[in-house]
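Reviewing the structure listed below.
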2 protein chains.
Amino acid sequence: MRAMSRSTILDAIRNAGLISRIDLARTTGFSQSSVTGLTAELIREQLIIEKKVGEYEGGRPPMLLSLNPDGAYVVGVNITFDTIVAVIINMEARVLAIQRTPIEKNRHSVADIADGIVRAVQACIWEANFSKEQISGVGIGIPGLVDSDSGIIRFMPNYNWENVNLRDLVQMQLKHPIYIENSSNTLAIAEQWLGEGKGVGNFLVVTLENGVGLGIVIQGHLYRGQSGTAGEFGHITIDPGGPPCRCGKNGCVESYAGNISILRAARIAAQNGDWKPQHPDITYDDVLNSALAGNTCLIDIFKTAGQKLGLGISHLITLFNPAKIIFTGRGVRAGALMFDSMDAQMKLHLSTKFGPSQTQIVIKHWNEKDWARGAGTLVLGELYKSPMSRMAGLGKTMSPPG
Amino acid sequence: MRAMSRSTILDAIRNAGLISRIDLARTTGFSQSSVTGLTAELIREQLIIEKKVGEYEGGRPPMLLSLNPDGAYVVGVNITFDTIVAVIINMEARVLAIQRTPIEKNRHSVADIADGIVRAVQACIWEANFSKEQISGVGIGIPGLVDSDSGIIRFMPNYNWENVNLRDLVQMQLKHPIYIENSSNTLAIAEQWLGEGKGVGNFLVVTLENGVGLGIVIQGHLYRGQSGTAGEFGHITIDPGGPPCRCGKNGCVESYAGNISILRAARIAAQNGDWKPQHPDITYDDVLNSALAGNTCLIDIFKTAGQKLGLGISHLITLFNPAKIIFTGRGVRAGALMFDSMDAQMKLHLSTKFGPSQTQIVIKHWNEKDWARGAGTLVLGELYKSPMSRMAGLGKTMSPPG
DNA sequence: ATGGTTATTTTAAAATCGTGAATGTATATA
DNA sequence: TATATACATTCACGATTTTAAAATAACCAT
């Protein structure tokens, strides 16, 4: 009961960034005295602080409250095809330390990756001169289908894992509370907390990596579906006669717009002689660079990807009517190569009879850190729900050592 | 605050149908004394009643509580292309009276329909020997895009209405509280209340009429989207090269699976000589009957409709991961003609990598009354939220006159 | 300094809500 | 008829929040 009141206050502070008690009373609907009581409790627990004095407006100037950046620290870890990125973030999700660990080729058994995560977390904490007691938890983002309750990864196409329990393996070596979740979902939470989704009730996050993922936020809550498989946007069939997909079907969104699908199309073009790569072992980045340099054959590949993606996005808008769709992931670096045709195709498949589309399209500049940070916010969210579970004792000073 | 507790109790009673106080305490988590207090309040307000004594189980036999069927009466109205159906329902959503009013051809201005609704409501109340004071509200279901807050119908393809305020026109002649909502949404609410959606957190209702509609229930709440246009499933593009749609695009789900689209396809077949209808002015029912009688050309039309619908449904399952999808509307009478091919196509476009589909497909026997009843439950829901708003005084006896 | 104004805190009284413990009630069976 | 058992109610209590009012704090203008 009081947990809900606390949450309301915390959410309001997070949304505002910097807010006085009187404005808290106004926005939350609590009485002034209740706000005083609740904020006093949160200050005592060091979740929030009196940051600075606000603008004079004719009387006593307001004391502006903010989250306590140093109220807790957590580690966020993101796994991509070839890299483990771990970051330490503070209560404001600011990245204080970062650690990249390459995944060696063919070293991606579950045990290998679990060890890699543990080492990355330890190295990150060590190099930033933190002690492990200062870390309240570890969040792990996975590009695949995750049952976040049981911790089981049901399907992860990158390494072709099915039904493996990565969390337990990591937990055996790390004593911190560990949370695991699909990367698109962690990004959605991160956007809701501190990014484009702040204060937005309904929005979607589309991730363009090797696969194409979707995080769904509805009425302010992450939506996972009845059995946790909602949002497999990458695997809706756009064209039944299309190229094969890692999911076993043909013509999925992902089989056009996923980075490995673009790479595959480029390889086929190279085989057909439509394009001469500089070296035989081409990567997605090679393809992207050549396309950006003006190779028309490769430009066409991105254009097609954008078109198919655009049709899929039109489905999302028509079905979800979100306030925003946020694009992120390595794939957004293609920029206009992909998004111009996406935009055109999307508009083509939205009926004007329902009024102009209210959905705002946001393309985030891609940033490796953001993904690991997203995994970290997963833990921050849990801390907010029950701050008692913080590992670090409340009495201790929590200033960053670095 | 207490409103939520009351709702919890009411929901539990509605879900159970018949339940003792002690079981209420068990299912809701309230203490026995709280349940006594809350139920006493609800009984005083005549929302629930002590229905009968339950089975002896070793001690004092439980007193079983149920909703008070006669706690309130509301009118539900549904508009289809050619008919206005009004029903009186009680608190259990049982239909006590029904009134059909045909809509004359070319008499479908907003004023005409508003008058038709008013007359239908009045006739329904009159013929069932109710007094207007006994009716707590009127719910109207519209096959189109409705802004339920403002009461404005943004787009209704049947009569090609755009941005008209039907509610205000009706309100000028009826003093009751009037609610207006998209039919698919009213049906979703009705299913959640008393049908297949009872106790199911996430489910979808697909309506097959002239158009194809979608009602979305997520985490127990109807989802309307950011600006109220969520769920326009009928207008996602299945095949960009497909037939034109009333929405201005081509190849929408509706342009294959909507009843008028099937009728159109049959007319074209007749023109081409592929089929000889018995009379020139054919209707959807003629087409359906000839197909059921074995006309292969028409069977193919239904088969194609089912296939396109199936692809669309696979999108819904992949994106929403609902526990159930409930099909209703005149179109379900096509039965296996449509659903066999739908089923096959749907399965084809669901990846097996995410485990077997957990989504249960439910096809409801079509029934004209259900739609009007659905519009009525819209009002019942409002009554539950704030029983004080009931028009009929709490002190009055509320037994049905008939 | 003084007064005016707005922000915050404190205080006390009252309301609301749910709980636990004890009590009351209804039934079948020994 | 007494008893065991399970259901229901009563009542005093604690936790939480609100209202209202007063006190305090901080700042500017005069």
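Here's how to read the names in the structure tokens: chain A, B, ... by the order shown, residue numbers from 1 in each chain, ligand numbers from 1 in the order shown.
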
Determine, for each residue of chain D having at least one atom at most 10 Å from an atom of chain A, the closest pair of atoms and their separation in Å to one decimal, counting only C-alpha atoms (C1' of nucleotides); order by chain and ascending number, as a tab-separated table.
```
residue	atom	partner	partner_atom	distance
D:DA15	C1'	A:Arg2	CA	9.5
D:DT16	C1'	A:Arg2	CA	7.5
D:DT17	C1'	A:Ser34	CA	7.0
D:DT18	C1'	A:Ser31	CA	7.1
D:DT19	C1'	A:Ser31	CA	8.9
D:DA25	C1'	A:Arg60	CA	6.9
D:DA26	C1'	A:Arg60	CA	4.4
D:DC27	C1'	A:Arg60	CA	5.7
D:DC28	C1'	A:Gly58	CA	7.2
```

Selected residues written out, C-alpha atoms (C1' of nucleotides), as a PDB file, in the first residue's frame:
```
ATOM      1  C1'  DA D  15      -1.411   1.808   9.665  1.00  0.00           C
ATOM      2  C1'  DT D  16      -1.936   5.348   6.380  1.00  0.00           C
ATOM      3  C1'  DT D  17      -3.566   9.447   4.573  1.00  0.00           C
ATOM      4  C1'  DT D  18      -6.206  13.735   4.564  1.00  0.00           C
ATOM      5  C1'  DT D  19      -7.712  18.161   6.120  1.00  0.00           C
ATOM      6  C1'  DA D  25      11.794  29.293   6.375  1.00  0.00           C
ATOM      7  C1'  DA D  26      13.646  31.796   2.654  1.00  0.00           C
ATOM      8  C1'  DC D  27      13.801  35.416  -0.352  1.00  0.00           C
ATOM      9  C1'  DC D  28      12.813  40.165  -2.481  1.00  0.00           C
TER      10       DC D  28
END
```

Would you mind listing, as JSON, numbers by chain, all residues of chain A that have at least one atom within 9 Å of chain B, where only C-alpha atoms are what counts? {"A": [145, 154, 155, 162, 201, 202, 203, 214, 218, 219, 223, 224, 225, 226, 227, 228, 229, 230, 231, 232, 233, 235, 236, 237, 238, 239, 240, 247, 248, 249, 250, 311, 314, 315, 316, 317, 318, 319, 320, 321, 322, 323, 348, 349, 350, 351, 352, 353, 354, 355, 358, 359]}

Taking a cut-off of 7 Å and counting only C-alpha atoms (C1' of nucleotides), can you build a table that, for each residue of chain C near chain B, reports the nearest atom pair and how far apart they are in Å (one decimal), sorted by chain then residue number, as CSV?
```
residue,atom,partner,partner_atom,distance
C:DG18,C1',B:Ser34,CA,6.3
C:DT19,C1',B:Ser31,CA,6.9
C:DA26,C1',B:Arg60,CA,4.6
C:DT27,C1',B:Arg60,CA,5.2
C:DA28,C1',B:Gly58,CA,6.9
```

Could you give me the residues within stretch 196-264 of chain B that DSSP places in alpha helix (DSSP H), as a count of residues only? 10

Which parts of stretch 36-194 of chain A does DSSP call strand (DSSP E or B) when run on the backbone here, written out as a PyMOL selection string? chain A and resi 48-53+63-67+73-79+83-90+95-102+135-142+145-147+152-156+161-164+178-182

Both chains have the same sequence, so superpose chain A on chain B over all Cα atoms paired in order and return it as a compact mmCIF listing (two decimals) with C-alpha atoms, in the first residue's frame.
```
# COMPACT_ATOMS: atom_id res chain seq x y z
CA MET A 1 -9.66 3.63 -2.40
CA ARG A 2 -12.62 1.70 -1.09
CA ALA A 3 -13.91 1.84 -4.67
CA MET A 4 -11.03 -0.44 -5.58
CA SER A 5 -11.82 -2.88 -2.79
CA ARG A 6 -15.43 -2.97 -3.88
CA SER A 7 -14.37 -3.60 -7.45
CA THR A 8 -12.11 -6.42 -6.38
CA ILE A 9 -14.99 -8.08 -4.56
CA LEU A 10 -17.41 -7.53 -7.43
CA ASP A 11 -14.95 -8.89 -9.97
CA ALA A 12 -14.37 -11.96 -7.86
CA ILE A 13 -18.10 -12.57 -7.54
CA ARG A 14 -18.64 -12.04 -11.26
CA ASN A 15 -15.82 -14.39 -12.12
CA ALA A 16 -17.04 -17.09 -9.78
CA GLY A 17 -20.72 -16.60 -10.44
CA LEU A 18 -21.59 -18.02 -7.07
CA ILE A 19 -19.15 -17.79 -4.18
CA SER A 20 -19.12 -17.84 -0.40
CA ARG A 21 -17.63 -15.09 1.72
CA ILE A 22 -14.85 -17.32 2.92
CA ASP A 23 -13.85 -18.15 -0.63
CA LEU A 24 -13.99 -14.47 -1.45
CA ALA A 25 -11.53 -13.85 1.35
CA ARG A 26 -9.29 -16.56 -0.05
CA THR A 27 -9.37 -15.42 -3.67
CA THR A 28 -9.17 -11.69 -3.03
CA GLY A 29 -6.73 -11.80 -0.14
CA PHE A 30 -8.96 -9.69 2.08
CA SER A 31 -9.54 -10.75 5.66
CA GLN A 32 -12.83 -12.38 6.52
CA SER A 33 -13.99 -9.38 8.46
CA SER A 34 -13.22 -7.07 5.58
CA VAL A 35 -15.17 -9.30 3.24
CA THR A 36 -18.12 -9.25 5.59
CA GLY A 37 -18.02 -5.47 5.70
CA LEU A 38 -17.61 -4.99 1.98
CA THR A 39 -20.25 -7.51 1.01
CA ALA A 40 -22.67 -6.03 3.54
CA GLU A 41 -22.26 -2.68 1.81
CA LEU A 42 -22.80 -4.19 -1.63
CA ILE A 43 -25.85 -6.10 -0.44
CA ARG A 44 -27.26 -2.91 1.04
CA GLU A 45 -26.81 -1.27 -2.35
CA GLN A 46 -28.48 -4.27 -3.97
CA LEU A 47 -25.53 -4.91 -6.27
CA ILE A 48 -25.18 -8.43 -4.93
CA ILE A 49 -27.50 -10.85 -3.15
CA GLU A 50 -27.33 -13.90 -0.95
CA LYS A 51 -28.42 -16.34 -3.57
CA LYS A 52 -28.59 -19.69 -1.82
CA VAL A 53 -26.99 -21.96 0.72
CA GLY A 54 -24.02 -23.94 -0.50
CA GLU A 55 -22.96 -27.53 0.01
CA TYR A 56 -22.41 -28.74 3.52
CA GLU A 57 -18.77 -29.48 4.08
CA GLY A 58 -18.71 -30.46 7.68
CA GLY A 59 -19.95 -27.34 9.41
CA ARG A 60 -22.04 -24.32 8.79
CA PRO A 61 -22.84 -24.36 5.12
CA PRO A 62 -21.64 -21.31 3.20
CA MET A 63 -24.05 -18.65 2.00
CA LEU A 64 -23.33 -18.23 -1.68
CA LEU A 65 -23.31 -14.70 -3.02
CA SER A 66 -24.00 -13.69 -6.58
CA LEU A 67 -24.55 -10.54 -8.51
CA ASN A 68 -28.06 -9.24 -8.11
CA PRO A 69 -29.55 -9.85 -11.54
CA ASP A 70 -32.15 -7.21 -10.82
CA GLY A 71 -29.76 -4.67 -9.37
CA ALA A 72 -30.05 -2.57 -12.46
CA TYR A 73 -31.22 -2.72 -16.03
CA VAL A 74 -29.58 -1.12 -19.03
CA VAL A 75 -30.25 -0.92 -22.74
CA GLY A 76 -27.70 -2.03 -25.29
CA VAL A 77 -27.98 -0.96 -28.92
CA ASN A 78 -26.04 -2.26 -31.88
CA ILE A 79 -26.01 -0.73 -35.33
CA THR A 80 -25.28 -2.89 -38.33
CA PHE A 81 -25.56 -2.01 -41.99
CA ASP A 82 -29.32 -2.55 -42.19
CA THR A 83 -30.61 -3.06 -38.67
CA ILE A 84 -30.76 -1.45 -35.27
CA VAL A 85 -31.04 -4.00 -32.48
CA ALA A 86 -31.87 -2.85 -28.96
CA VAL A 87 -32.01 -5.08 -25.90
CA ILE A 88 -32.73 -4.64 -22.23
CA ILE A 89 -30.30 -6.61 -20.10
CA ASN A 90 -30.06 -7.13 -16.39
CA MET A 91 -27.00 -7.00 -14.17
CA GLU A 92 -25.98 -10.48 -15.31
CA ALA A 93 -26.24 -9.36 -18.95
CA ARG A 94 -29.20 -11.65 -19.52
CA VAL A 95 -31.37 -10.34 -22.34
CA LEU A 96 -34.87 -9.53 -21.05
CA ALA A 97 -36.26 -7.86 -24.13
CA ILE A 98 -35.24 -7.32 -27.72
CA GLN A 99 -36.32 -4.94 -30.43
CA ARG A 100 -35.23 -5.03 -34.08
CA THR A 101 -35.64 -2.00 -36.29
CA PRO A 102 -34.71 -2.22 -39.96
CA ILE A 103 -32.82 0.71 -41.43
CA GLU A 104 -34.46 1.74 -44.66
CA LYS A 105 -32.25 2.03 -47.70
CA ASN A 106 -30.79 5.48 -48.13
CA ARG A 107 -32.14 6.56 -44.77
CA HIS A 108 -28.89 6.63 -42.95
CA SER A 109 -28.01 10.21 -42.23
CA VAL A 110 -26.75 10.71 -38.70
CA ALA A 111 -30.09 12.24 -37.73
CA ASP A 112 -31.98 9.29 -39.20
CA ILE A 113 -29.93 6.78 -37.27
CA ALA A 114 -30.14 8.81 -34.07
CA ASP A 115 -33.91 8.88 -34.39
CA GLY A 116 -33.93 5.17 -35.12
CA ILE A 117 -31.91 4.47 -31.98
CA VAL A 118 -34.19 6.59 -29.83
CA ARG A 119 -37.29 4.89 -31.21
CA ALA A 120 -35.77 1.45 -30.78
CA VAL A 121 -34.83 2.17 -27.18
CA GLN A 122 -38.25 3.56 -26.39
CA ALA A 123 -40.06 0.71 -28.09
CA CYS A 124 -37.90 -1.84 -26.32
CA ILE A 125 -38.63 -0.33 -22.91
CA TRP A 126 -42.32 0.13 -23.72
CA GLU A 127 -42.96 -3.35 -25.01
CA ALA A 128 -41.17 -5.01 -22.12
CA ASN A 129 -43.35 -3.03 -19.69
CA PHE A 130 -40.40 -1.29 -18.14
CA SER A 131 -40.49 2.30 -17.03
CA LYS A 132 -37.69 4.56 -18.20
CA GLU A 133 -36.68 5.21 -14.59
CA GLN A 134 -35.68 1.56 -14.28
CA ILE A 135 -33.07 1.92 -17.00
CA SER A 136 -29.71 3.03 -15.72
CA GLY A 137 -28.08 3.83 -19.04
CA VAL A 138 -27.79 3.15 -22.75
CA GLY A 139 -24.77 1.70 -24.53
CA ILE A 140 -24.35 1.98 -28.28
CA GLY A 141 -22.04 -0.21 -30.35
CA ILE A 142 -20.80 1.16 -33.66
CA PRO A 143 -18.98 -0.71 -36.44
CA GLY A 144 -16.42 2.00 -36.94
CA LEU A 145 -13.77 4.17 -35.36
CA VAL A 146 -15.19 5.81 -32.25
CA ASP A 147 -13.68 8.22 -29.76
CA SER A 148 -15.55 6.93 -26.75
CA ASP A 149 -14.65 9.92 -24.57
CA SER A 150 -15.94 12.65 -26.82
CA GLY A 151 -18.60 10.45 -28.39
CA ILE A 152 -17.45 11.35 -31.88
CA ILE A 153 -17.55 8.73 -34.61
CA ARG A 154 -14.40 9.37 -36.58
CA PHE A 155 -15.02 6.98 -39.43
CA MET A 156 -17.81 4.56 -40.14
CA PRO A 157 -17.40 2.94 -43.55
CA ASN A 158 -20.90 1.44 -43.74
CA TYR A 159 -22.48 4.87 -44.25
CA ASN A 160 -19.25 6.68 -45.01
CA TRP A 161 -19.61 8.89 -41.94
CA GLU A 162 -16.64 10.94 -40.83
CA ASN A 163 -16.43 12.89 -37.57
CA VAL A 164 -20.06 12.92 -36.60
CA ASN A 165 -21.44 13.13 -33.08
CA LEU A 166 -24.19 10.56 -32.87
CA ARG A 167 -24.14 10.48 -29.10
CA ASP A 168 -25.13 14.11 -28.67
CA LEU A 169 -28.02 13.68 -31.10
CA VAL A 170 -29.31 10.69 -29.13
CA GLN A 171 -28.68 12.44 -25.83
CA MET A 172 -30.96 15.28 -26.89
CA GLN A 173 -33.87 12.86 -26.86
CA LEU A 174 -32.89 10.43 -24.11
CA LYS A 175 -32.06 11.56 -20.59
CA HIS A 176 -30.16 8.41 -19.65
CA PRO A 177 -26.39 8.30 -19.48
CA ILE A 178 -25.25 7.28 -22.95
CA TYR A 179 -22.05 5.47 -23.83
CA ILE A 180 -20.78 4.82 -27.32
CA GLU A 181 -18.00 2.50 -28.41
CA ASN A 182 -16.71 0.44 -31.30
CA SER A 183 -18.62 -2.86 -31.61
CA SER A 184 -15.52 -5.02 -31.47
CA ASN A 185 -14.57 -3.32 -28.24
CA THR A 186 -18.03 -3.77 -26.71
CA LEU A 187 -17.88 -7.45 -27.63
CA ALA A 188 -14.47 -7.75 -26.04
CA ILE A 189 -15.84 -6.25 -22.84
CA ALA A 190 -18.83 -8.57 -22.98
CA GLU A 191 -16.61 -11.61 -23.43
CA GLN A 192 -14.42 -10.49 -20.58
CA TRP A 193 -17.40 -10.03 -18.34
CA LEU A 194 -19.45 -13.03 -19.02
CA GLY A 195 -18.08 -15.02 -21.89
CA GLU A 196 -14.93 -16.68 -23.10
CA GLY A 197 -12.76 -13.92 -21.70
CA LYS A 198 -13.82 -14.45 -18.10
CA GLY A 199 -10.70 -14.60 -16.02
CA VAL A 200 -8.45 -14.45 -19.09
CA GLY A 201 -5.92 -11.65 -18.94
CA ASN A 202 -4.98 -11.32 -22.59
CA PHE A 203 -7.30 -12.11 -25.43
CA LEU A 204 -8.53 -10.77 -28.74
CA VAL A 205 -11.97 -10.62 -30.30
CA VAL A 206 -12.11 -10.70 -34.09
CA THR A 207 -15.41 -9.60 -35.59
CA LEU A 208 -16.33 -10.75 -39.07
CA GLU A 209 -19.05 -8.53 -40.46
CA ASN A 210 -19.02 -6.23 -43.45
CA GLY A 211 -15.75 -5.09 -42.00
CA VAL A 212 -13.21 -7.05 -39.97
CA GLY A 213 -12.70 -5.64 -36.49
CA LEU A 214 -10.54 -6.36 -33.48
CA GLY A 215 -11.08 -5.83 -29.77
CA ILE A 216 -7.93 -6.09 -27.67
CA VAL A 217 -7.87 -6.99 -23.98
CA ILE A 218 -4.46 -6.77 -22.38
CA GLN A 219 -3.78 -7.50 -18.71
CA GLY A 220 -7.49 -7.43 -18.09
CA HIS A 221 -8.07 -4.04 -19.68
CA LEU A 222 -9.49 -3.00 -23.01
CA TYR A 223 -6.68 -1.49 -25.06
CA ARG A 224 -7.62 1.41 -27.31
CA GLY A 225 -4.16 2.70 -28.19
CA GLN A 226 -2.62 6.11 -27.74
CA SER A 227 -5.27 7.95 -29.73
CA GLY A 228 -8.01 5.35 -29.83
CA THR A 229 -7.24 3.76 -33.19
CA ALA A 230 -5.63 0.53 -31.99
CA GLY A 231 -6.97 -2.72 -33.34
CA GLU A 232 -7.74 -1.76 -36.92
CA PHE A 233 -6.87 -5.31 -37.86
CA GLY A 234 -9.17 -5.21 -40.88
CA HIS A 235 -6.85 -2.65 -42.42
CA ILE A 236 -3.44 -4.19 -42.24
CA THR A 237 -2.15 -4.89 -45.71
CA ILE A 238 -1.98 -8.60 -46.41
CA ASP A 239 -1.22 -8.34 -50.10
CA PRO A 240 -0.29 -4.96 -51.61
CA GLY A 241 -1.56 -6.13 -54.97
CA GLY A 242 -4.93 -7.18 -53.62
CA PRO A 243 -8.41 -5.78 -54.24
CA PRO A 244 -9.31 -2.24 -53.17
CA CYS A 245 -10.61 -1.64 -49.66
CA ARG A 246 -13.11 0.84 -48.29
CA CYS A 247 -10.25 2.43 -46.39
CA GLY A 248 -8.63 3.62 -49.60
CA LYS A 249 -5.83 1.06 -49.72
CA ASN A 250 -5.51 -2.32 -51.42
CA GLY A 251 -5.32 -5.87 -50.15
CA CYS A 252 -6.34 -5.30 -46.54
CA VAL A 253 -7.56 -8.25 -44.48
CA GLU A 254 -11.01 -6.77 -44.81
CA SER A 255 -10.84 -6.55 -48.57
CA TYR A 256 -10.64 -10.35 -48.62
CA ALA A 257 -12.46 -11.51 -45.51
CA GLY A 258 -15.08 -8.81 -44.96
CA ASN A 259 -18.57 -9.96 -45.88
CA ILE A 260 -19.01 -7.25 -48.50
CA SER A 261 -15.66 -8.21 -50.00
CA ILE A 262 -16.84 -11.79 -50.33
CA LEU A 263 -20.05 -10.52 -51.88
CA ARG A 264 -18.05 -8.38 -54.29
CA ALA A 265 -15.87 -11.31 -55.32
CA ALA A 266 -19.01 -13.38 -55.91
CA ARG A 267 -20.52 -10.63 -58.08
CA ILE A 268 -17.40 -10.52 -60.18
CA ALA A 269 -17.55 -14.30 -60.51
CA ALA A 270 -21.18 -13.98 -61.62
CA GLN A 271 -20.23 -11.36 -64.21
CA ASN A 272 -17.51 -13.62 -65.53
CA GLY A 273 -20.03 -16.39 -65.85
CA ASP A 274 -18.24 -18.59 -63.31
CA TRP A 275 -21.40 -18.70 -61.28
CA LYS A 276 -25.10 -18.24 -62.05
CA PRO A 277 -26.97 -16.69 -59.13
CA GLN A 278 -30.71 -17.36 -58.85
CA HIS A 279 -31.56 -13.69 -59.01
CA PRO A 280 -29.55 -10.61 -59.98
CA ASP A 281 -29.67 -8.73 -56.67
CA ILE A 282 -27.55 -11.16 -54.66
CA THR A 283 -26.69 -10.74 -51.01
CA TYR A 284 -23.99 -12.17 -48.79
CA ASP A 285 -26.44 -14.76 -47.52
CA ASP A 286 -27.13 -15.93 -51.07
CA VAL A 287 -23.43 -16.37 -51.64
CA LEU A 288 -22.98 -18.22 -48.38
CA ASN A 289 -25.90 -20.55 -49.08
CA SER A 290 -24.72 -21.36 -52.57
CA ALA A 291 -21.26 -22.04 -51.29
CA LEU A 292 -22.61 -24.27 -48.51
CA ALA A 293 -24.64 -26.04 -51.23
CA GLY A 294 -21.38 -26.90 -52.94
CA ASN A 295 -20.67 -24.26 -55.58
CA THR A 296 -16.93 -24.72 -56.11
CA CYS A 297 -16.32 -21.25 -57.46
CA LEU A 298 -17.84 -19.66 -54.35
CA ILE A 299 -16.11 -22.14 -52.10
CA ASP A 300 -12.85 -20.88 -53.53
CA ILE A 301 -13.76 -17.34 -52.63
CA PHE A 302 -14.29 -18.32 -48.99
CA LYS A 303 -11.13 -20.38 -49.08
CA THR A 304 -9.08 -17.42 -50.25
CA ALA A 305 -10.70 -15.20 -47.63
CA GLY A 306 -9.76 -17.73 -44.97
CA GLN A 307 -6.19 -17.92 -46.19
CA LYS A 308 -5.68 -14.18 -46.08
CA LEU A 309 -7.39 -13.99 -42.73
CA GLY A 310 -5.17 -16.80 -41.48
CA LEU A 311 -2.03 -14.89 -42.38
CA GLY A 312 -3.38 -11.87 -40.52
CA ILE A 313 -4.25 -13.98 -37.48
CA SER A 314 -0.73 -15.37 -37.44
CA HIS A 315 0.48 -11.78 -37.13
CA LEU A 316 -1.82 -11.24 -34.19
CA ILE A 317 -0.60 -14.36 -32.42
CA THR A 318 3.04 -13.57 -33.06
CA LEU A 319 2.72 -9.99 -31.87
CA PHE A 320 0.20 -10.29 -29.02
CA ASN A 321 0.67 -13.87 -27.83
CA PRO A 322 -2.91 -13.89 -26.55
CA ALA A 323 -4.45 -16.70 -24.52
CA LYS A 324 -7.44 -16.75 -26.82
CA ILE A 325 -8.73 -15.36 -30.06
CA ILE A 326 -12.51 -15.29 -30.20
CA PHE A 327 -14.24 -15.05 -33.58
CA THR A 328 -17.71 -13.65 -33.88
CA GLY A 329 -19.98 -11.81 -36.29
CA ARG A 330 -22.25 -12.83 -39.16
CA GLY A 331 -19.18 -14.02 -41.05
CA VAL A 332 -18.52 -16.97 -38.73
CA ARG A 333 -21.53 -18.70 -40.28
CA ALA A 334 -19.23 -19.60 -43.16
CA GLY A 335 -17.71 -22.11 -40.75
CA ALA A 336 -15.33 -24.64 -42.25
CA LEU A 337 -15.57 -22.91 -45.62
CA MET A 338 -13.40 -20.19 -44.19
CA PHE A 339 -11.87 -21.50 -41.01
CA ASP A 340 -10.28 -24.63 -42.43
CA SER A 341 -8.10 -22.65 -44.81
CA MET A 342 -7.58 -20.00 -42.14
CA ASP A 343 -6.32 -22.59 -39.73
CA ALA A 344 -3.95 -24.16 -42.22
CA GLN A 345 -2.54 -20.81 -43.27
CA MET A 346 -2.22 -19.64 -39.71
CA LYS A 347 -0.23 -22.69 -38.67
CA LEU A 348 1.97 -22.27 -41.72
CA HIS A 349 3.00 -18.80 -40.57
CA LEU A 350 3.65 -19.53 -36.92
CA SER A 351 7.18 -20.54 -36.12
CA THR A 352 7.54 -23.76 -34.19
CA LYS A 353 10.74 -22.48 -32.64
CA PHE A 354 8.74 -20.56 -30.05
CA GLY A 355 7.04 -23.70 -28.85
CA PRO A 356 3.53 -24.77 -29.80
CA SER A 357 1.10 -21.89 -30.07
CA GLN A 358 -0.59 -21.41 -26.73
CA THR A 359 -3.36 -19.42 -28.33
CA GLN A 360 -6.77 -21.01 -28.20
CA ILE A 361 -9.04 -20.29 -31.16
CA VAL A 362 -12.69 -19.95 -30.22
CA ILE A 363 -15.43 -19.59 -32.80
CA LYS A 364 -18.63 -18.28 -31.32
CA HIS A 365 -21.93 -19.28 -32.77
CA TRP A 366 -23.19 -16.04 -34.23
CA ASN A 367 -26.15 -14.43 -32.54
CA GLU A 368 -27.66 -11.06 -33.28
CA LYS A 369 -28.55 -10.45 -29.65
CA ASP A 370 -24.98 -10.83 -28.47
CA TRP A 371 -23.88 -7.67 -30.17
CA ALA A 372 -26.50 -5.48 -28.59
CA ARG A 373 -25.85 -7.23 -25.30
CA GLY A 374 -22.20 -6.34 -25.70
CA ALA A 375 -23.10 -2.68 -25.99
CA GLY A 376 -25.10 -3.06 -22.80
CA THR A 377 -22.24 -4.52 -20.80
CA LEU A 378 -20.37 -1.31 -21.54
CA VAL A 379 -22.88 0.43 -19.27
CA LEU A 380 -22.81 -2.34 -16.68
CA GLY A 381 -19.10 -1.80 -16.37
CA GLU A 382 -19.65 1.85 -15.60
CA LEU A 383 -22.28 0.98 -13.01
CA TYR A 384 -19.81 -1.27 -11.27
CA LYS A 385 -17.25 1.45 -11.13
CA SER A 386 -19.58 3.91 -9.43
CA PRO A 387 -22.90 2.35 -8.43
CA MET A 388 -24.02 5.71 -7.08
CA SER A 389 -24.61 6.88 -10.61
CA ARG A 390 -27.47 4.45 -11.06
CA MET A 391 -30.52 6.33 -12.15
CA ALA A 392 -32.93 4.20 -10.20
CA GLY A 393 -32.96 5.08 -6.50
CA LEU A 394 -31.43 2.54 -4.20
CA GLY A 395 -34.49 2.37 -2.00
CA LYS A 396 -36.84 1.32 -4.75
CA THR A 397 -37.66 -2.28 -5.39
CA MET A 398 -36.16 -3.33 -8.64
CA SER A 399 -37.96 -6.49 -9.60
CA PRO A 400 -38.68 -6.84 -13.29
CA PRO A 401 -42.26 -5.96 -14.11
CA GLY A 402 -42.73 -8.55 -16.82
```

Between atom C1' of D:DT5 and atom C1' of C:DA30 - distance in Å to one decimal: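 About the pair atom C1' of C:DA30 and atom C1' of D:DT5: they are 13.4 Å apart.
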
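One finds atom C1' of D:DT9 at 22.7 Å from atom C1' of C:DA15.
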